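Novice: Just passing along the structure, written as structure tokens.
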Amino acid sequence: MKTVTRISAYWKIQLIAWSTASLYWGFSAFFTGNFIWKIGLADLILDVSIGIAITHLYRNFALKKGWNKLTLKRLVPKMVLSVLILSFLYLFLIVGKLYLVRLFLLKNTEVSFITFFKTTQLQVFITGTRLMSIWVLAYHLYHYSRLEIERVKENARLSIIIKEAQLNNLSAQLNPHFFFNSLNTIKFLVLENPHSARRAIDLLSELLRNSLKTNSGELVALNEEMNLVKDYLELEKIRFEERLEITIDVNEAVLDYLILPLSIQSLVENAIKHGIEKRKHGGLLIVKVEEENNFMKISVQNSGKLHNERKNPGIGLHNLKERLLLYYNGNASFEIKEIGNETVLATLLIPSK
């Protein structure tokens, strides 16, 4: 089986670029009437060889010195000096090439090399400076752009890692907080109502199972979240009995929409802990989910007042805000306010698509 040798993009560009430049000079000479085929062919081969040799030599030197990793501020002075040196090298090689080609092919010995050099040096030096400037600038811009792309990719990857770490950290804080409150509920029931305590333990085990299956950095269907909320509310209903009235109104059209796990549960838990629980006669809790202007509107309304501790949210609401910010990049919003008549309303708006 034969091995196919592929020419790299670097060498393809080198050959095409220097061949194009040499052919341009050849066509210019051809249309001026001063074109000699054997000299034109020799110039083509030698021009391409000299151009590639000089620039490839510079490329190896730049790679060895690590110039491709320098900032523009440090690289520009080195580029300017390099262009100047390469231009002088190009000058001597091209003038030498022109003189030797005409010496051997035309047998022209009337003009000395010094005289020929003086008559051609300025034009060749200007041409060399222009070509070397273009090549060096294009070469370093290419590497600089690749370096920037890699840097952006790396920053994006690090940003994702940081976000995942933050989400995992927030989840680790959130779940113990939630289960600590649930265990407190069961503690009240053990002596007062053992039958209800057993039911509460069953509910808590189900909540724990659902929570362990859920990664707080991922989205879950609204239906799953509502099942968790209903289990939690049943657990609280056992403790509060007639002191807690519950109304749940969820539009069935949005049940498959995806939301952050424990988001509604955090609002409900906060409403009970800071609202219903602080009232002697308990109160009413209303959970409503609907679609509004391409947003999913989740509202939790409860009897109670917006005390100072609710204005400065604890772990549950703080983590909810942080998770919303991390996942939706500012496109989701959360608000909690007192709407009069001892009623508090928490509203969560998240993109529905």
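The way I read the labels, and the way they are meant: chains A, B, ... in the order of the structure tokens, residue 1 as the first residue of every chain, and ligand 1 as the first ligand shown, with later ones counted on from there.
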Check which residues of stretch 261-306 of chain A sit at most 12 Å from stretch 325-341 of chain A using only C-alpha atoms, and return one row each with the closest pair of atoms and their distance in Å to one decimal, ordered by chain and rising number, as CSV.
Specialist:
```
residue,atom,partner,partner_atom,distance
A:Pro261,CA,A:Tyr327,CA,11.8
A:Ser263,CA,A:Phe334,CA,10.7
A:Ile264,CA,A:Phe334,CA,11.4
A:Leu267,CA,A:Ile336,CA,9.6
A:Asn270,CA,A:Ile336,CA,10.7
A:Ala271,CA,A:Ile336,CA,10.3
A:Gly275,CA,A:Glu338,CA,11.2
A:Asn294,CA,A:Ala332,CA,11.6
A:Phe295,CA,A:Ala332,CA,8.7
A:Met296,CA,A:Ala332,CA,9.6
A:Lys297,CA,A:Ser333,CA,9.9
A:Ile298,CA,A:Phe334,CA,9.5
A:Ser299,CA,A:Ile336,CA,9.5
A:Val300,CA,A:Ile336,CA,9.3
A:Gln301,CA,A:Ile339,CA,9.5
A:Asn302,CA,A:Glu338,CA,9.8
A:Ser303,CA,A:Asn341,CA,8.6
A:Gly304,CA,A:Glu338,CA,8.6
A:Lys305,CA,A:Glu338,CA,6.6
A:Leu306,CA,A:Glu338,CA,5.8
```
Novice: How would the residues just chosen look if you wrote them out with N, CA, C and O atoms as a PDB file, in the first residue's frame?
Specialist:
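Output contents, as saved in result-v9.pdb:
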```pdb
ATOM      1  N   PRO A 261     -34.104  22.776  38.600  1.00  0.00           N
ATOM      2  CA  PRO A 261     -34.700  21.981  39.681  1.00  0.00           C
ATOM      3  C   PRO A 261     -34.670  22.742  41.006  1.00  0.00           C
ATOM      4  O   PRO A 261     -33.785  23.545  41.263  1.00  0.00           O
ATOM      5  N   SER A 263     -36.390  25.105  41.968  1.00  0.00           N
ATOM      6  CA  SER A 263     -36.643  26.547  41.875  1.00  0.00           C
ATOM      7  C   SER A 263     -38.002  26.903  42.495  1.00  0.00           C
ATOM      8  O   SER A 263     -38.078  27.776  43.366  1.00  0.00           O
ATOM      9  N   ILE A 264     -39.077  26.212  42.086  1.00  0.00           N
ATOM     10  CA  ILE A 264     -40.394  26.474  42.664  1.00  0.00           C
ATOM     11  C   ILE A 264     -40.429  25.998  44.112  1.00  0.00           C
ATOM     12  O   ILE A 264     -40.994  26.657  44.988  1.00  0.00           O
ATOM     13  N   LEU A 267     -39.169  28.604  46.454  1.00  0.00           N
ATOM     14  CA  LEU A 267     -40.140  29.674  46.713  1.00  0.00           C
ATOM     15  C   LEU A 267     -41.208  29.213  47.705  1.00  0.00           C
ATOM     16  O   LEU A 267     -41.591  29.958  48.616  1.00  0.00           O
ATOM     17  N   ASN A 270     -39.739  28.878  51.204  1.00  0.00           N
ATOM     18  CA  ASN A 270     -39.536  30.208  51.778  1.00  0.00           C
ATOM     19  C   ASN A 270     -40.854  30.818  52.249  1.00  0.00           C
ATOM     20  O   ASN A 270     -40.931  31.450  53.306  1.00  0.00           O
ATOM     21  N   ALA A 271     -41.920  30.604  51.450  1.00  0.00           N
ATOM     22  CA  ALA A 271     -43.235  31.153  51.808  1.00  0.00           C
ATOM     23  C   ALA A 271     -43.760  30.546  53.101  1.00  0.00           C
ATOM     24  O   ALA A 271     -44.342  31.238  53.943  1.00  0.00           O
ATOM     25  N   GLY A 275     -43.559  32.912  56.155  1.00  0.00           N
ATOM     26  CA  GLY A 275     -44.899  33.470  56.086  1.00  0.00           C
ATOM     27  C   GLY A 275     -45.899  32.712  56.936  1.00  0.00           C
ATOM     28  O   GLY A 275     -46.275  33.141  58.023  1.00  0.00           O
ATOM     29  N   ASN A 294     -43.648  35.015  26.115  1.00  0.00           N
ATOM     30  CA  ASN A 294     -42.462  34.177  25.889  1.00  0.00           C
ATOM     31  C   ASN A 294     -41.663  33.906  27.164  1.00  0.00           C
ATOM     32  O   ASN A 294     -40.491  33.531  27.098  1.00  0.00           O
ATOM     33  N   PHE A 295     -42.286  34.128  28.302  1.00  0.00           N
ATOM     34  CA  PHE A 295     -41.666  33.797  29.587  1.00  0.00           C
ATOM     35  C   PHE A 295     -42.596  32.866  30.356  1.00  0.00           C
ATOM     36  O   PHE A 295     -43.817  32.928  30.207  1.00  0.00           O
ATOM     37  N   MET A 296     -42.011  32.012  31.158  1.00  0.00           N
ATOM     38  CA  MET A 296     -42.797  31.219  32.086  1.00  0.00           C
ATOM     39  C   MET A 296     -42.865  32.009  33.390  1.00  0.00           C
ATOM     40  O   MET A 296     -41.840  32.318  33.999  1.00  0.00           O
ATOM     41  N   LYS A 297     -44.067  32.355  33.787  1.00  0.00           N
ATOM     42  CA  LYS A 297     -44.278  33.149  34.993  1.00  0.00           C
ATOM     43  C   LYS A 297     -44.690  32.225  36.131  1.00  0.00           C
ATOM     44  O   LYS A 297     -45.737  31.595  36.086  1.00  0.00           O
ATOM     45  N   ILE A 298     -43.861  32.179  37.145  1.00  0.00           N
ATOM     46  CA  ILE A 298     -44.121  31.351  38.318  1.00  0.00           C
ATOM     47  C   ILE A 298     -44.330  32.276  39.503  1.00  0.00           C
ATOM     48  O   ILE A 298     -43.451  33.079  39.840  1.00  0.00           O
ATOM     49  N   SER A 299     -45.486  32.196  40.113  1.00  0.00           N
ATOM     50  CA  SER A 299     -45.773  33.066  41.258  1.00  0.00           C
ATOM     51  C   SER A 299     -46.202  32.222  42.447  1.00  0.00           C
ATOM     52  O   SER A 299     -46.953  31.253  42.310  1.00  0.00           O
ATOM     53  N   VAL A 300     -45.670  32.601  43.596  1.00  0.00           N
ATOM     54  CA  VAL A 300     -46.023  31.954  44.859  1.00  0.00           C
ATOM     55  C   VAL A 300     -46.499  33.054  45.802  1.00  0.00           C
ATOM     56  O   VAL A 300     -45.734  33.932  46.183  1.00  0.00           O
ATOM     57  N   GLN A 301     -47.780  32.974  46.151  1.00  0.00           N
ATOM     58  CA  GLN A 301     -48.392  33.994  47.013  1.00  0.00           C
ATOM     59  C   GLN A 301     -48.740  33.356  48.351  1.00  0.00           C
ATOM     60  O   GLN A 301     -49.261  32.249  48.404  1.00  0.00           O
ATOM     61  N   ASN A 302     -48.444  34.067  49.424  1.00  0.00           N
ATOM     62  CA  ASN A 302     -48.708  33.504  50.752  1.00  0.00           C
ATOM     63  C   ASN A 302     -49.140  34.588  51.723  1.00  0.00           C
ATOM     64  O   ASN A 302     -48.813  35.772  51.561  1.00  0.00           O
ATOM     65  N   SER A 303     -49.862  34.158  52.727  1.00  0.00           N
ATOM     66  CA  SER A 303     -50.255  35.058  53.802  1.00  0.00           C
ATOM     67  C   SER A 303     -49.021  35.374  54.642  1.00  0.00           C
ATOM     68  O   SER A 303     -48.207  34.493  54.922  1.00  0.00           O
ATOM     69  N   GLY A 304     -48.894  36.634  55.040  1.00  0.00           N
ATOM     70  CA  GLY A 304     -47.752  37.011  55.854  1.00  0.00           C
ATOM     71  C   GLY A 304     -47.241  38.389  55.489  1.00  0.00           C
ATOM     72  O   GLY A 304     -47.821  39.098  54.650  1.00  0.00           O
ATOM     73  N   LYS A 305     -46.159  38.767  56.134  1.00  0.00           N
ATOM     74  CA  LYS A 305     -45.543  40.064  55.876  1.00  0.00           C
ATOM     75  C   LYS A 305     -44.099  39.858  55.439  1.00  0.00           C
ATOM     76  O   LYS A 305     -43.468  38.837  55.751  1.00  0.00           O
ATOM     77  N   LEU A 306     -43.599  40.866  54.729  1.00  0.00           N
ATOM     78  CA  LEU A 306     -42.225  40.805  54.251  1.00  0.00           C
ATOM     79  C   LEU A 306     -41.310  41.352  55.345  1.00  0.00           C
ATOM     80  O   LEU A 306     -41.014  42.540  55.403  1.00  0.00           O
TER      81      LEU A 306
END
```
Novice: Excluding same-chain residues fewer than 5 positions from stretch 126-133 of chain A, what lies within 7 Å of it counting only C-alpha atoms, as a PyMOL selection string?
Specialist: chain A and resi 83-84+86-87+90-91
Novice: For the residues selected in the previous step, produce a file with N, CA, C and O atoms as a JSON list (two decimals), in the first residue's frame.
Specialist:
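Output below, filename again_28.json:
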```json
[["chain", "number", "residue", "atom", "x", "y", "z"],
["A", 83, "VAL", "N", 12.07, 42.75, 9.32],
["A", 83, "VAL", "CA", 11.77, 43.17, 7.94],
["A", 83, "VAL", "C", 12.98, 43.89, 7.33],
["A", 83, "VAL", "O", 13.33, 43.68, 6.16],
["A", 84, "LEU", "N", 13.63, 44.72, 8.11],
["A", 84, "LEU", "CA", 14.79, 45.46, 7.63],
["A", 84, "LEU", "C", 15.93, 44.49, 7.27],
["A", 84, "LEU", "O", 16.54, 44.61, 6.20],
["A", 86, "LEU", "N", 15.68, 41.20, 6.64],
["A", 86, "LEU", "CA", 15.26, 40.36, 5.52],
["A", 86, "LEU", "C", 15.32, 41.11, 4.19],
["A", 86, "LEU", "O", 15.63, 40.53, 3.15],
["A", 87, "SER", "N", 15.00, 42.41, 4.25],
["A", 87, "SER", "CA", 15.04, 43.22, 3.02],
["A", 87, "SER", "C", 16.46, 43.34, 2.48],
["A", 87, "SER", "O", 16.69, 43.27, 1.27],
["A", 90, "TYR", "N", 17.38, 39.97, 1.04],
["A", 90, "TYR", "CA", 16.69, 39.84, -0.25],
["A", 90, "TYR", "C", 17.41, 40.67, -1.31],
["A", 90, "TYR", "O", 17.57, 40.23, -2.46],
["A", 91, "LEU", "N", 17.84, 41.87, -0.94],
["A", 91, "LEU", "CA", 18.54, 42.76, -1.88],
["A", 91, "LEU", "C", 19.78, 42.08, -2.46],
["A", 91, "LEU", "O", 19.97, 42.02, -3.68]]
```
Novice: Let me make sure I understand: among A:Glu252, A:Phe117, A:Leu75, A:Lys69, which one has the smallest atom-to-atom distance to A:Arg146 if we use only C-alpha atoms?
Specialist: A:Lys69
Novice: Using only C-alpha atoms, pick whichever of A:Ser352, A:Ser22, A:Thr32, A:Asn227 has the shortest atom-to-atom distance to A:Leu44.
Specialist: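 Answer, going by the shortest atom-to-atom distance: A:Ser22.
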Novice: Pick out each residue of stretch 81-328 of chain A that DSSP on the backbone tags as strand (DSSP E or B); I need them as a ChimeraX atom specification.
Specialist: /A:220-221,244-250,258-259,283-292,295-303
Novice: Using only C-alpha atoms, which protein or nucleic acid residues come within 9 Å of A:Ile201? Drop anything in the same chain fewer than 5 positions from it, and give the result as a ChimeraX atom specification.
Specialist: /A:183,186,196,206,235
Novice: From the options A:Leu106, A:Val289, A:Val268, A:Ala53, which residue's atoms come nearest to A:Leu317, counting only C-alpha atoms?
Specialist: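 Closest candidate: A:Val268.
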Novice: If I take atom CA of A:Asp47 and atom CA of A:Val124, how far is one from the other in Å, to one decimal?
Specialist: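 A separation of 12.1 Å between them.
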Novice: Between A:Val344, A:Ile52, A:Ile45, A:Leu260, which is the closest to A:Val101 once you count only C-alpha atoms?
Specialist: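 Residue with the minimum atom-to-atom distance to A:Val101: A:Ile45.
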Novice: For the structure I just gave you, how does DSSP split stretch 85-295 of chain A - specifically, which residues are helix (DSSP H, G or I)? Reply as a count of residues only.
Specialist: 161
Novice: Any idea what's packed within 12 Å of A:Ile114, counting only C-alpha atoms, ignoring anything in its chain fewer than 6 positions away? Could you give it as an mmCIF file with C-alpha atoms, in the first residue's frame?
Specialist:
```cif
data_model
loop_
_atom_site.group_PDB
_atom_site.id
_atom_site.type_symbol
_atom_site.label_atom_id
_atom_site.label_comp_id
_atom_site.auth_asym_id
_atom_site.auth_seq_id
_atom_site.Cartn_x
_atom_site.Cartn_y
_atom_site.Cartn_z
ATOM 1 C CA PHE A 92 21.898 40.978 -2.066
ATOM 2 C CA VAL A 95 20.793 41.434 -7.272
ATOM 3 C CA GLY A 96 23.309 38.592 -7.257
ATOM 4 C CA TYR A 99 23.682 39.571 -12.374
ATOM 5 C CA THR A 120 19.481 48.195 -9.222
ATOM 6 C CA GLN A 121 19.837 48.331 -5.440
#
```
Novice: Considering only C-alpha atoms, can you say which of A:Leu258, A:Leu233, A:Ile276, A:Leu89 comes closest to A:Glu218?
Specialist: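 That would be A:Leu258, the residue with the smallest distance to A:Glu218.
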Novice: Just to confirm, what's the straight-line distance from atom CA of A:Val220 to atom CA of A:Ile259 in Å (one decimal)?
Specialist: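 Atom CA of A:Ile259 lies at a distance of 5.5 Å from atom CA of A:Val220.
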Novice: Which is closer to A:Phe125 than all the others in A:Leu72, A:Leu81, A:Ile50, A:Ile94, using only C-alpha atoms?
Specialist: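 Smallest distance to A:Phe125 is found for A:Ile94.
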Novice: Could you name the residues that touch A:Ala17 at 12 Å or less, counting only C-alpha atoms, but leaving out those on the same chain fewer than 2 positions away, as number ranges by chain?
Specialist: A: 9-15, 19-24, 47-49, 51-52, 55, 131, 134-135, 138
Novice: Please, what distance in Å, to one decimal, runs between atom CA of A:Leu63 and atom CA of A:Leu147?
Specialist: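 About the pair atom CA of A:Leu63 and atom CA of A:Leu147: they are 13.7 Å apart.
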